[in-house]
Each structure stands twice: as C-alpha cells, then as structure tokens.
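The file my_file-v3.cif contains mmCIF, C-alpha atoms:
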data_protein
#
loop_
_atom_site.label_atom_id
_atom_site.label_comp_id
_atom_site.auth_asym_id
_atom_site.auth_seq_id
_atom_site.Cartn_x
_atom_site.Cartn_y
_atom_site.Cartn_z
CA MET O 1 135.59 95.61 82.72
CA ASN O 2 135.86 91.94 83.66
CA PHE O 3 133.18 89.37 84.49
CA ASN O 4 132.92 90.37 88.16
CA ASP O 5 132.55 94.08 87.30
CA TYR O 6 129.73 93.30 84.90
CA LEU O 7 128.05 90.99 87.42
CA LEU O 8 128.22 93.65 90.15
CA LEU O 9 126.94 96.37 87.81
CA PHE O 10 124.03 94.36 86.42
CA CYS O 11 123.02 92.96 89.82
CA GLY O 12 122.94 96.52 91.16
CA MET O 13 120.96 97.77 88.17
CA GLY O 14 118.68 94.73 88.44
CA ALA O 15 117.97 95.39 92.12
CA VAL O 16 117.11 99.08 91.66
CA THR O 17 114.89 98.16 88.71
CA TYR O 18 113.15 95.23 90.40
CA LEU O 19 112.32 96.88 93.72
CA PRO O 20 110.19 99.74 92.27
CA ARG O 21 108.39 97.13 90.16
CA ALA O 22 107.75 94.72 93.03
CA LEU O 23 107.27 96.66 96.28
CA PRO O 24 104.09 98.65 95.41
CA LEU O 25 102.42 95.52 94.03
CA LEU O 26 103.45 93.30 96.94
CA TYR O 27 102.24 95.91 99.42
CA LEU O 28 99.07 97.21 97.76
CA ALA O 29 97.73 93.86 96.51
CA HIS O 30 97.14 92.77 100.10
CA LYS O 31 95.55 96.00 101.29
CA LYS O 32 92.00 97.21 101.05
CA LEU O 33 92.52 100.19 98.78
CA PRO O 34 90.44 103.31 99.40
CA GLN O 35 88.06 104.08 96.52
CA GLY O 36 89.78 107.41 95.88
CA LEU O 37 93.11 105.68 95.28
CA VAL O 38 91.49 103.09 93.00
CA ASP O 39 89.92 105.92 90.95
CA TRP O 40 93.23 107.77 90.76
CA LEU O 41 95.13 104.64 89.74
CA GLY O 42 92.48 104.01 87.09
CA LEU O 43 93.60 107.22 85.39
CA ILE O 44 97.29 106.24 85.50
CA PRO O 45 97.34 104.01 82.36
CA VAL O 46 95.90 106.70 80.07
CA SER O 47 98.27 109.26 81.62
CA ILE O 48 101.37 107.09 81.23
CA LEU O 49 100.56 106.13 77.64
CA SER O 50 99.95 109.76 76.71
CA ALA O 51 103.06 110.95 78.54
CA LEU O 52 105.18 108.29 76.79
CA LEU O 53 103.74 108.98 73.34
CA ALA O 54 103.50 112.77 73.15
CA PRO O 55 107.25 113.56 73.13
CA LEU O 56 107.81 110.75 70.58
CA LEU O 57 105.32 112.44 68.24
CA PHE O 58 105.99 116.13 68.85
CA CYS O 59 109.62 116.46 69.93
CA GLU O 60 113.05 115.92 68.45
CA GLY O 61 114.99 113.52 70.65
CA ALA O 62 118.54 114.60 69.91
CA SER O 63 118.08 118.36 70.29
CA ARG O 64 115.13 118.04 72.67
CA SER O 65 113.10 120.64 70.82
CA LEU O 66 109.53 120.95 69.59
CA HIS O 67 108.98 119.67 66.05
CA ILE O 68 105.44 119.68 64.67
CA GLY O 69 105.10 117.58 61.53
CA LYS O 70 107.53 114.75 62.29
CA PRO O 71 106.88 111.61 60.20
CA GLU O 72 106.06 109.85 63.49
CA PHE O 73 103.27 112.37 64.05
CA LEU O 74 101.97 112.38 60.47
CA VAL O 75 101.76 108.58 60.49
CA ALA O 76 100.08 108.70 63.91
CA ILE O 77 97.03 110.58 62.54
CA PRO O 78 95.70 107.83 60.21
CA THR O 79 96.92 105.19 62.69
CA LEU O 80 94.89 106.81 65.47
CA ALA O 81 91.83 107.13 63.22
CA PHE O 82 92.14 103.45 62.30
CA ALA O 83 92.46 102.46 65.97
CA LEU O 84 89.40 104.52 66.93
CA LYS O 85 87.34 103.00 64.13
CA THR O 86 88.38 99.35 64.27
CA LYS O 87 89.67 98.89 67.86
CA SER O 88 92.03 96.33 66.37
CA LEU O 89 95.48 96.16 67.96
CA ALA O 90 96.96 93.91 65.27
CA GLY O 91 95.59 96.05 62.45
CA THR O 92 96.75 99.28 64.04
CA VAL O 93 100.30 98.03 64.62
CA LEU O 94 100.61 96.68 61.07
CA LEU O 95 99.08 99.81 59.49
CA GLY O 96 101.37 102.06 61.53
CA MET O 97 104.42 100.06 60.46
CA ALA O 98 103.38 100.07 56.79
CA LEU O 99 102.69 103.81 56.74
CA TYR O 100 105.94 104.58 58.54
CA TRP O 101 107.83 102.42 56.07
CA VAL O 102 106.24 104.28 53.14
CA ALA O 103 106.83 107.63 54.89
CA GLY O 104 110.52 106.79 54.99
CA TYR O 105 110.59 106.85 51.17
CA VAL O 106 108.08 109.66 50.54
CA LEU O 107 109.00 112.26 53.16
CA MET H 1 88.52 58.98 111.68
CA LEU H 2 90.02 60.37 108.55
CA PRO H 3 93.12 58.64 107.23
CA GLU H 4 96.40 60.46 107.76
CA PRO H 5 97.19 62.48 104.66
CA ASP H 6 100.07 61.35 102.51
CA THR H 7 103.07 63.11 104.01
CA ASP H 8 104.52 64.09 100.63
CA LYS H 9 101.25 65.37 99.23
CA THR H 10 98.94 68.13 100.26
CA THR H 11 95.66 69.52 98.94
CA VAL H 12 95.45 73.03 97.62
CA ARG H 13 92.16 74.70 96.86
CA PHE H 14 91.64 77.59 94.49
CA SER H 15 88.80 80.07 94.71
CA PRO H 16 86.40 81.09 93.27
CA GLU H 17 85.93 77.86 91.34
CA ASN H 18 86.84 75.81 94.38
CA ILE H 19 88.97 73.36 92.44
CA SER H 20 91.29 71.21 94.52
CA TYR H 21 94.59 69.71 93.47
CA ASN H 22 96.86 67.21 95.11
CA VAL H 23 100.36 68.56 94.83
CA SER H 24 103.66 67.97 96.55
CA LYS H 25 104.34 70.07 99.64
CA GLN H 26 107.14 71.86 97.86
CA THR H 27 104.76 72.94 95.10
CA ALA H 28 102.25 74.09 97.68
CA VAL H 29 104.86 76.25 99.37
CA LEU H 30 105.98 77.58 96.00
CA LEU H 31 102.41 78.54 95.16
CA GLY H 32 102.09 80.33 98.47
CA PHE H 33 99.87 77.81 100.24
CA LYS H 34 102.11 77.41 103.25
CA ASN H 35 99.89 79.16 105.77
CA LYS H 36 96.62 79.69 103.94
CA LYS H 37 94.08 77.11 102.89
CA TYR H 38 93.29 78.67 99.54
CA TYR H 39 94.00 81.70 97.48
CA ASN H 40 92.16 83.99 95.16
CA MET H 41 93.71 82.38 92.09
CA PRO H 42 91.57 80.79 89.43
CA HIS H 43 93.62 77.67 88.71
CA LEU H 44 97.06 76.28 88.05
CA PRO H 45 98.77 77.51 84.87
CA THR H 46 97.70 75.73 81.70
CA LYS H 47 98.78 75.59 78.08
CA LYS H 48 95.96 78.01 77.31
CA ASN H 49 97.78 80.64 79.37
CA LEU H 50 100.82 80.22 77.15
CA SER H 51 98.87 80.67 73.94
CA GLU H 52 96.91 83.61 75.36
CA GLY H 53 100.15 85.19 76.50
CA ALA H 54 101.72 84.70 73.09
CA SER H 55 98.77 86.25 71.27
CA ALA H 56 98.82 89.24 73.65
CA ALA H 57 102.58 89.70 73.54
CA TRP H 58 103.24 89.65 69.81
CA PRO H 59 103.09 93.43 69.20
CA ILE H 60 105.60 93.88 72.02
CA CYS H 61 107.83 91.17 70.55
CA ILE H 62 107.81 92.75 67.07
CA GLY H 63 108.63 96.09 68.62
CA TYR H 64 111.44 94.69 70.77
CA VAL H 65 113.30 93.17 67.81
CA PRO H 66 114.65 96.41 66.26
CA ILE H 67 115.23 98.07 69.63
CA GLY H 68 116.98 94.99 71.02
CA LEU H 69 119.13 94.65 67.90
CA ALA H 70 120.05 98.35 68.10
CA LEU H 71 121.01 97.99 71.75
CA GLY H 72 123.15 94.94 70.96
CA VAL H 73 124.96 96.77 68.17
CA LEU H 74 125.66 99.78 70.40
CA ALA H 75 126.89 97.50 73.18
CA GLN H 76 129.22 95.73 70.79
CA LYS H 77 130.59 99.09 69.61
CA ALA H 78 131.13 100.08 73.26
CA GLY H 79 133.23 96.93 73.72
CA ILE H 80 130.69 95.04 75.85
CA PRO H 81 130.87 91.28 75.12
CA TRP H 82 127.73 89.37 74.08
CA TRP H 83 127.55 87.37 77.30
CA ALA H 84 127.48 90.63 79.29
CA VAL H 85 124.62 91.84 77.07
CA ALA H 86 122.75 88.59 77.82
CA MET H 87 123.41 89.02 81.54
CA MET H 88 122.19 92.63 81.44
CA SER H 89 118.98 91.79 79.55
CA LEU H 90 118.25 88.95 81.96
CA LEU H 91 119.07 90.75 85.22
CA VAL H 92 117.82 94.24 84.38
CA PHE H 93 115.20 93.89 81.60
CA ALA H 94 114.57 97.61 81.13
CA GLY H 95 115.04 99.06 77.65
CA SER H 96 115.77 102.72 78.20
CA ALA H 97 117.95 102.10 81.26
CA GLN H 98 120.02 99.58 79.27
CA PHE H 99 120.61 102.12 76.49
CA ILE H 100 121.73 104.68 79.05
CA CYS H 101 123.96 102.07 80.70
CA VAL H 102 125.70 101.28 77.39
CA ALA H 103 126.24 104.99 76.72
CA MET H 104 127.61 105.50 80.22
CA ILE H 105 129.97 102.51 79.97
CA ALA H 106 131.23 103.89 76.63
CA ALA H 107 131.80 107.26 78.34
CA GLY H 108 133.71 105.58 81.19
CA ALA H 109 131.17 106.25 83.97
CA SER H 110 131.55 104.57 87.36
CA ILE H 111 129.42 101.60 88.47
CA PRO H 112 127.60 103.53 91.27
CA ALA H 113 126.76 106.35 88.83
CA ILE H 114 125.22 103.89 86.35
CA ILE H 115 123.23 102.13 89.08
CA PHE H 116 121.90 105.43 90.43
CA THR H 117 120.86 106.60 86.97
CA THR H 118 119.09 103.28 86.39
CA PHE H 119 117.20 103.73 89.64
CA VAL H 120 115.96 107.19 88.64
CA VAL H 121 115.01 106.15 85.11
CA ASN H 122 113.06 103.11 86.34
CA LEU H 123 111.19 104.79 89.21
CA ARG H 124 108.21 105.23 86.86
CA HIS H 125 107.49 101.53 87.29
CA THR H 126 106.25 102.19 90.86
CA LEU H 127 103.22 103.86 89.28
CA MET H 128 102.57 100.91 86.96
CA SER H 129 103.08 98.39 89.75
CA SER H 130 100.58 100.30 91.91
CA ALA H 131 98.01 100.47 89.12
CA LEU H 132 98.32 96.72 88.52
CA ALA H 133 97.65 96.04 92.21
CA VAL H 134 93.99 96.97 91.67
CA TYR H 135 93.60 93.84 89.50
CA LEU H 136 95.84 91.52 91.50
CA THR H 137 94.38 91.92 94.99
CA GLY H 138 94.86 88.91 97.22
CA VAL H 139 97.03 87.03 94.73
CA ASN H 140 99.82 85.25 96.55
CA ARG H 141 103.12 87.01 97.03
CA ASN H 142 105.32 84.44 95.31
CA PHE H 143 103.36 84.95 92.12
CA LEU H 144 103.51 88.73 92.50
CA ALA H 145 107.27 88.61 93.12
CA LEU H 146 107.73 86.67 89.89
CA PHE H 147 105.25 88.81 87.96
CA SER H 148 106.93 92.06 89.04
CA TYR H 149 110.11 91.14 87.19
CA GLY H 150 108.34 91.55 83.85
CA ILE H 151 106.56 94.88 84.46
CA THR H 152 107.68 97.15 81.62
CA ASP H 153 105.98 100.09 79.87
CA GLU H 154 104.84 97.71 77.14
CA SER H 155 103.66 94.73 79.19
CA PHE H 156 101.93 97.10 81.60
CA ALA H 157 99.96 98.71 78.77
CA ILE H 158 98.92 95.35 77.33
CA ASN H 159 98.05 93.71 80.65
CA MET H 160 96.10 96.70 82.00
CA THR H 161 93.93 96.76 78.88
CA ARG H 162 93.25 93.03 79.20
CA PHE H 163 92.64 93.12 82.95
CA ARG H 164 90.17 95.96 82.55
CA SER H 165 88.24 94.18 79.84
CA GLY H 166 87.53 91.39 82.31
CA SER H 167 88.58 87.80 81.92
CA TRP H 168 92.36 88.19 81.83
CA ASP H 169 94.06 85.43 83.74
CA HIS H 170 97.07 86.16 85.97
CA TYR H 171 99.04 83.38 84.38
CA SER H 172 98.32 84.71 80.90
CA ALA H 173 99.60 88.08 82.09
CA LEU H 174 102.73 86.40 83.41
CA ALA H 175 103.19 84.56 80.11
CA THR H 176 102.86 87.88 78.26
CA ASN H 177 105.64 89.35 80.41
CA GLN H 178 107.90 86.37 79.86
CA PHE H 179 107.40 86.21 76.09
CA ALA H 180 108.41 89.86 75.93
CA ASN H 181 111.39 89.11 78.18
CA ALA H 182 112.57 86.17 76.07
CA THR H 183 112.30 88.22 72.88
CA TRP H 184 114.24 91.05 74.48
CA ILE H 185 117.09 88.76 75.57
CA LEU H 186 117.27 87.07 72.15
CA ALA H 187 117.13 90.36 70.24
CA THR H 188 119.81 92.11 72.30
CA VAL H 189 122.19 89.14 72.13
CA THR H 190 121.59 88.76 68.38
CA GLY H 191 122.35 92.46 67.98
CA ALA H 192 125.60 92.09 69.90
CA LEU H 193 126.65 89.08 67.80
CA LEU H 194 125.59 90.04 64.28
CA GLY H 195 123.67 93.28 64.49
CA GLN H 196 125.84 95.11 61.97
CA PHE H 197 124.45 92.88 59.20
CA VAL H 198 120.81 93.81 59.85
CA PRO H 199 119.42 96.57 57.56
CA GLN H 200 118.05 99.62 59.36
CA GLY H 201 114.39 100.57 59.28
CA ALA H 202 113.10 97.64 57.22
CA PHE H 203 109.28 97.21 57.05
CA GLY H 204 108.67 100.20 59.32
CA ILE H 205 109.46 97.91 62.23
CA ASP H 206 110.70 100.90 64.24
CA TYR H 207 107.09 102.08 64.47
CA ALA H 208 105.71 98.87 66.01
CA LEU H 209 105.77 100.03 69.62
CA THR H 210 104.52 103.53 68.75
CA GLY H 211 101.59 101.98 66.85
CA MET H 212 100.91 99.68 69.78
CA PHE H 213 100.90 102.58 72.27
CA ILE H 214 98.51 104.56 70.03
CA CYS H 215 96.02 101.69 69.93
CA LEU H 216 96.33 100.91 73.65
CA LEU H 217 95.75 104.60 74.37
CA VAL H 218 92.52 104.40 72.38
CA PHE H 219 91.49 101.37 74.47
CA GLN H 220 92.01 103.45 77.61
CA LEU H 221 89.61 106.24 76.55
CA HIS H 222 86.54 105.19 78.54
CA GLY H 223 84.89 108.61 78.65
CA GLY H 224 85.28 112.36 78.89
CA VAL H 225 87.46 112.33 81.99
CA TYR H 226 89.88 109.88 80.38
CA ILE H 227 90.15 111.95 77.18
CA PHE H 228 90.72 115.08 79.25
CA THR H 229 93.41 113.31 81.33
CA GLY H 230 95.13 111.94 78.23
CA LEU H 231 95.27 115.33 76.51
CA LEU H 232 96.52 116.92 79.71
CA ALA H 233 99.23 114.27 80.12
CA ALA H 234 100.35 114.80 76.52
CA GLY H 235 100.60 118.59 76.98
CA ILE H 236 102.37 118.43 80.33
CA SER H 237 104.69 115.69 79.09
CA VAL H 238 105.83 117.72 76.05
CA GLY H 239 106.38 120.83 78.18
CA TRP H 240 108.23 118.86 80.85
CA TYR H 241 110.32 117.04 78.21
CA LEU H 242 111.37 120.32 76.60
CA PHE H 243 112.32 122.18 79.77
CA ILE H 244 113.47 119.59 82.29
CA PRO H 245 116.40 117.33 81.35
CA GLY H 246 116.28 113.60 82.09
CA ASP H 247 113.37 111.18 82.06
CA SER H 248 111.22 112.61 84.85
CA TYR H 249 108.62 113.78 82.28
CA ILE H 250 106.85 110.41 82.23
CA VAL H 251 106.28 110.19 85.98
CA GLY H 252 105.79 113.95 86.39
CA ALA H 253 103.22 114.34 83.64
CA SER H 254 101.40 111.12 84.61
CA ILE H 255 100.97 112.12 88.26
CA CYS H 256 99.90 115.70 87.39
CA ALA H 257 97.42 114.61 84.73
CA ALA H 258 95.95 111.73 86.76
CA THR H 259 95.51 114.01 89.77
CA LEU H 260 93.80 116.76 87.76
CA GLY H 261 91.62 114.17 86.01
CA PHE H 262 90.75 112.66 89.40
CA LEU H 263 89.72 116.07 90.78
CA LEU H 264 87.53 116.68 87.73
CA GLN H 265 85.92 113.25 88.20
CA ARG H 266 85.21 114.08 91.85
CA ARG H 267 83.61 117.42 91.03
CA ARG H 268 81.42 115.81 88.40
CA ARG H 269 80.27 113.16 90.84
CA ILE H 270 79.42 115.67 93.57
CA SER H 271 77.56 118.10 91.31
#

Rewrite the structure from the file as structure tokens, please.
Amino acid sequence: MNFNDYLLLFCGMGAVTYLPRALPLLYLAHKKLPQGLVDWLGLIPVSILSALLAPLLFCEGASRSLHIGKPEFLVAIPTLAFALKTKSLAGTVLLGMALYWVAGYVL
Amino acid sequence: MLPEPDTDKTTVRFSPENISYNVSKQTAVLLGFKNKKYYNMPHLPTKKNLSEGASAAWPICIGYVPIGLALGVLAQKAGIPWWAVAMMSLLVFAGSAQFICVAMIAAGASIPAIIFTTFVVNLRHTLMSSALAVYLTGVNRNFLALFSYGITDESFAINMTRFRSGSWDHYSALATNQFANATWILATVTGALLGQFVPQGAFGIDYALTGMFICLLVFQLHGGVYIFTGLLAAGISVGWYLFIPGDSYIVGASICAATLGFLLQRRRRIS
C-alpha cells in the first residue's frame, strides 16, 4: 500500500471510530435527559468494566474457551481484595503488576 | 453611553463562578461563545488541569506502553511503515481496532472490509459517550467535539470515576484523554521502529490495564444493585464471548446487565 492508500484507510477508520464517540455526547449533552435514562446510564460503567474484565480473567483468548485458574484470574483475587480494602488506584495497579510478574516465574 | 467595545476583543463569562475574560473574537468563537453569552463551564484551562490530567492518566499510560509496543512490532512485521503507524494512532486512536486492522492488512483484506470491521468493533463507544453526557450537560459543542476524540475504554473508566466523585473538571478530563493519546502514539511508533529489542513481559507491565480495570470496577460498586449488575455483566459477557464470535460481547453484556439492574432498581424503589 502507498501513502494515499494508508491515508484513505485511516481516515475511513478514524471517521467510523469518531462518530460513535461524538454523536451521542453532542446530542445528549444538550437535552434534558429523563430520569430513567440517567439511572440506566449510571449502571453502564459497572457493566462495561465487568464485561471487559470477565473474559480476560476466565477465558482463553486464542481458543476462545473457558479456563478457570488462569494466572490473570489468580492474580486478580488478591488485587481485588487490595482494591476493596485500600481504594487506592496506584497501589492496586502496582500490586497487580508485581504479582503478575512473580506469577510468570512461579506458575 | 457605554463606550464601543474593542472590535478585536470580546467578553466571555463563565458560570457558575461568573468569571469574565477579555479574549479575542476568534477565541470566543472557538470556545463556543458565538451565539451565547455564557456557558456552563467553570473556567478557561489552567496548568492545574494539566497536572490533574497527568496524575489521573498515569495508569493508562503505563498500560499503553506494552500494548502500543506490541502493536508497533506487529505492524512492522506486517510491512506497515512507522509513519503509517503514527498516522493510524493519530487518526484512529482505538487499540483493539488497530490490532485487527494490522492483522487484516497482513491477511490482504480490502480497505472497505477493514473500515467496516473497525466500525463494528468501536460501536461500544456509543454507550460510553452516552454515559459521559450525564456529566457534561450544557458544555459547549466545540469542547465536546474535541473531547470525543479521546473517549476510549480506559479514559472512560477513569473519567467516569472522577466525574462521579464530584469535582472533576472538564479540562482535566480532556487532559487525561490527551495524555493517554500521546502515550499511545509514542508507544506504537516506538514499537514499529525498535520494538523487537524490547523484552517481553518485564515488570508485569502487561497487567497494568487489568489491574486498573479491577480497581475502577471496585470504585463503581455503590451498592447492592451495582454489585448485582456487575456480576450479571461478567456472567453474560463470558457466555456471550464463548458462543458468539467477534467483539459484540462487550456491548451485548453491558446493555443486558444494565437493563436488568435498572429493572431491579425500579422494583426496589416502588416496593
């Protein structure tokens, strides 16, 4: 592919990525939202985070199969406990990294 | 009679603090003051916003380094030059879609096919964009148009947590997005240029984003309904992931879980 092909491809990808990010915000931010929608949207962050995380912890990416006991999951248990106890983002990230690093040697 | 205002300058007023600034007309238009007298924006951006953004964005930045390097290395192996990687990270700025794009280029896919796949993979951002609207009501559209560029899974999670806790400034949120963006561009280009020299898996850096998501999930658990919704989303997501190919599990599980959680919340309130 030459420069123009890349430019066309990435502009196209950029447009279809940007519009779903921008249009709901541009539209909804200037509307009076019904309370029901606000309540529903309030549950979206916890849902998205859970939906993103769960397959990372419980599933094998390559074969797309269930795998209980992945290092990612085993490390997540103390990491989660630490997060619940301390509510510290920095501490949780660093502890998770350290444990995962160690798990790479031990497991 | 009042003196004629300076033709090059105009006054903009920010609520709720009611601070006024004299700025050039171009700046006023840029800030969205063309037709309105004032906007629901606390102030003009300050250095404090930069430092707040940096301190919020650092877990994202650490997490982006290994992923960005990996993407750069894969792109280089697929024969994509470094300047094209830079262009992609700047114009698209979407991790998973960029990985898929590199794989599709390597497999010889057509440009429309790659664009369509990107569209499907990134549709989940409509949900995030909608959820952010709750905290950005009445903010001017130029700001929102700029802010939207940086809405990713990671920046969304960080900014939502901060917005909910109260005093999170829009400009700090924008700075968070842009720090993440800058790191992403640097990491992917570095990967394309010299990624093969970087050791894999050092310092458990591959777990940075997972650790961040775990902690941000904890921050989102505000009560029984939230815990219920989170567990539901996890269960549905795993099931969906196992049985339905593609990336629809994120959007699918989120909508199902949020809706069921919402119904539970309703019932509790009525009874």

When you draw a straight line from CA of Arg21 in chain O to CA of Ile244 in chain H, how long is it in Å?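 Those two atoms sit 24.3 Å apart.
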
Contacts from chain H to chain O, 7 Å maximum, all atoms listed in the file: show me the residue list as a ChimeraX atom specification. /H:84,88,91-92,111,115,118-119,122-123,125-126,129-134,136-138,141,144-145,148-149,151,157,203-205,207-208,211-215,217-218,220,226,229-230,233-234,237-238,241-242,250,253-254,257-259,262

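Shown here are all protein and nucleic acid residues lying within 12 Å of (126.4, 90.7, 66.0), with all atoms listed in the file considered: Gly68, Leu69, Ala70, Leu71, Gly72, Val73, Leu74, Ala75, Gln76, Lys77, Ile80, Pro81, Trp82, Trp83, Val85, Leu186, Ala187, Thr188, Val189, Thr190, Gly191, Ala192, Leu193, Leu194, Gly195, Gln196, Phe197 and Val198 of chain H.
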
Would you compute the distance between CA of Asn142 in chain H and CA of Ser172 in chain H? Give it in Å to one decimal. 16.0 Å

Quick one: which residues end up in the PyMOL selection byres ((chain H and resi 104) around 12) for this structure, as JSON, numbers by chain? {"O": [9], "H": [74, 75, 78, 80, 97, 98, 99, 100, 101, 102, 103, 105, 106, 107, 108, 109, 110, 111, 112, 113, 114, 115, 116, 117, 118]}

When you look at range 49-58 of chain H with a cut-off of 8 Å (counting all atoms listed in the file), what residues show up, excluding the ones that are within fewer than 5 positions of it in the same chain? I need them as a ChimeraX atom specification. /H:155,158,169,171-177,179-180

Please dump the current selection as a tab-separated table (two decimals), keeping the file's coordinate frame; keep C-alpha atoms.
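Writing the result to out-v7.tsv gives the following:
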chain	number	residue	atom	x	y	z
H	155	SER	CA	103.66	94.73	79.19
H	158	ILE	CA	98.92	95.35	77.33
H	169	ASP	CA	94.06	85.43	83.74
H	171	TYR	CA	99.04	83.38	84.38
H	172	SER	CA	98.32	84.71	80.90
H	173	ALA	CA	99.60	88.08	82.09
H	174	LEU	CA	102.73	86.40	83.41
H	175	ALA	CA	103.19	84.56	80.11
H	176	THR	CA	102.86	87.88	78.26
H	177	ASN	CA	105.64	89.35	80.41
H	179	PHE	CA	107.40	86.21	76.09
H	180	ALA	CA	108.41	89.86	75.93

Distance in Å - CA of Arg266 in chain H versus CA of Gln35 in chain O: 11.4 Å

Could N, CA and C atoms be built for range 98-112 of chain H and written out as a compact mmCIF listing (two decimals), in the frame of the given file?
# COMPACT_ATOMS: atom_id res chain seq x y z
N GLN H 98 118.92 100.33 79.87
CA GLN H 98 120.02 99.58 79.27
C GLN H 98 120.74 100.43 78.22
N PHE H 99 119.98 101.21 77.45
CA PHE H 99 120.61 102.12 76.49
C PHE H 99 121.51 103.13 77.21
N ILE H 100 120.97 103.68 78.30
CA ILE H 100 121.73 104.68 79.05
C ILE H 100 122.98 104.03 79.64
N CYS H 101 122.82 102.80 80.13
CA CYS H 101 123.96 102.07 80.70
C CYS H 101 125.07 101.90 79.67
N VAL H 102 124.69 101.49 78.45
CA VAL H 102 125.70 101.28 77.39
C VAL H 102 126.42 102.60 77.10
N ALA H 103 125.64 103.68 76.99
CA ALA H 103 126.24 104.99 76.72
C ALA H 103 127.18 105.39 77.84
N MET H 104 126.79 105.10 79.08
CA MET H 104 127.61 105.50 80.22
C MET H 104 128.88 104.66 80.31
N ILE H 105 128.78 103.35 79.99
CA ILE H 105 129.97 102.51 79.97
C ILE H 105 130.94 103.03 78.92
N ALA H 106 130.39 103.37 77.72
CA ALA H 106 131.23 103.89 76.63
C ALA H 106 131.92 105.18 77.06
N ALA H 107 131.23 105.98 77.90
CA ALA H 107 131.80 107.26 78.34
C ALA H 107 132.69 107.09 79.56
N GLY H 108 132.83 105.85 80.06
CA GLY H 108 133.71 105.58 81.19
C GLY H 108 133.14 105.94 82.55
N ALA H 109 131.79 105.90 82.68
CA ALA H 109 131.17 106.25 83.97
C ALA H 109 131.43 105.16 85.01
N SER H 110 131.30 105.53 86.29
CA SER H 110 131.55 104.57 87.36
C SER H 110 130.31 103.69 87.58
N ILE H 111 130.53 102.53 88.21
CA ILE H 111 129.42 101.60 88.47
C ILE H 111 128.33 102.22 89.35
N PRO H 112 128.67 102.90 90.47
CA PRO H 112 127.60 103.53 91.27
C PRO H 112 126.80 104.56 90.47
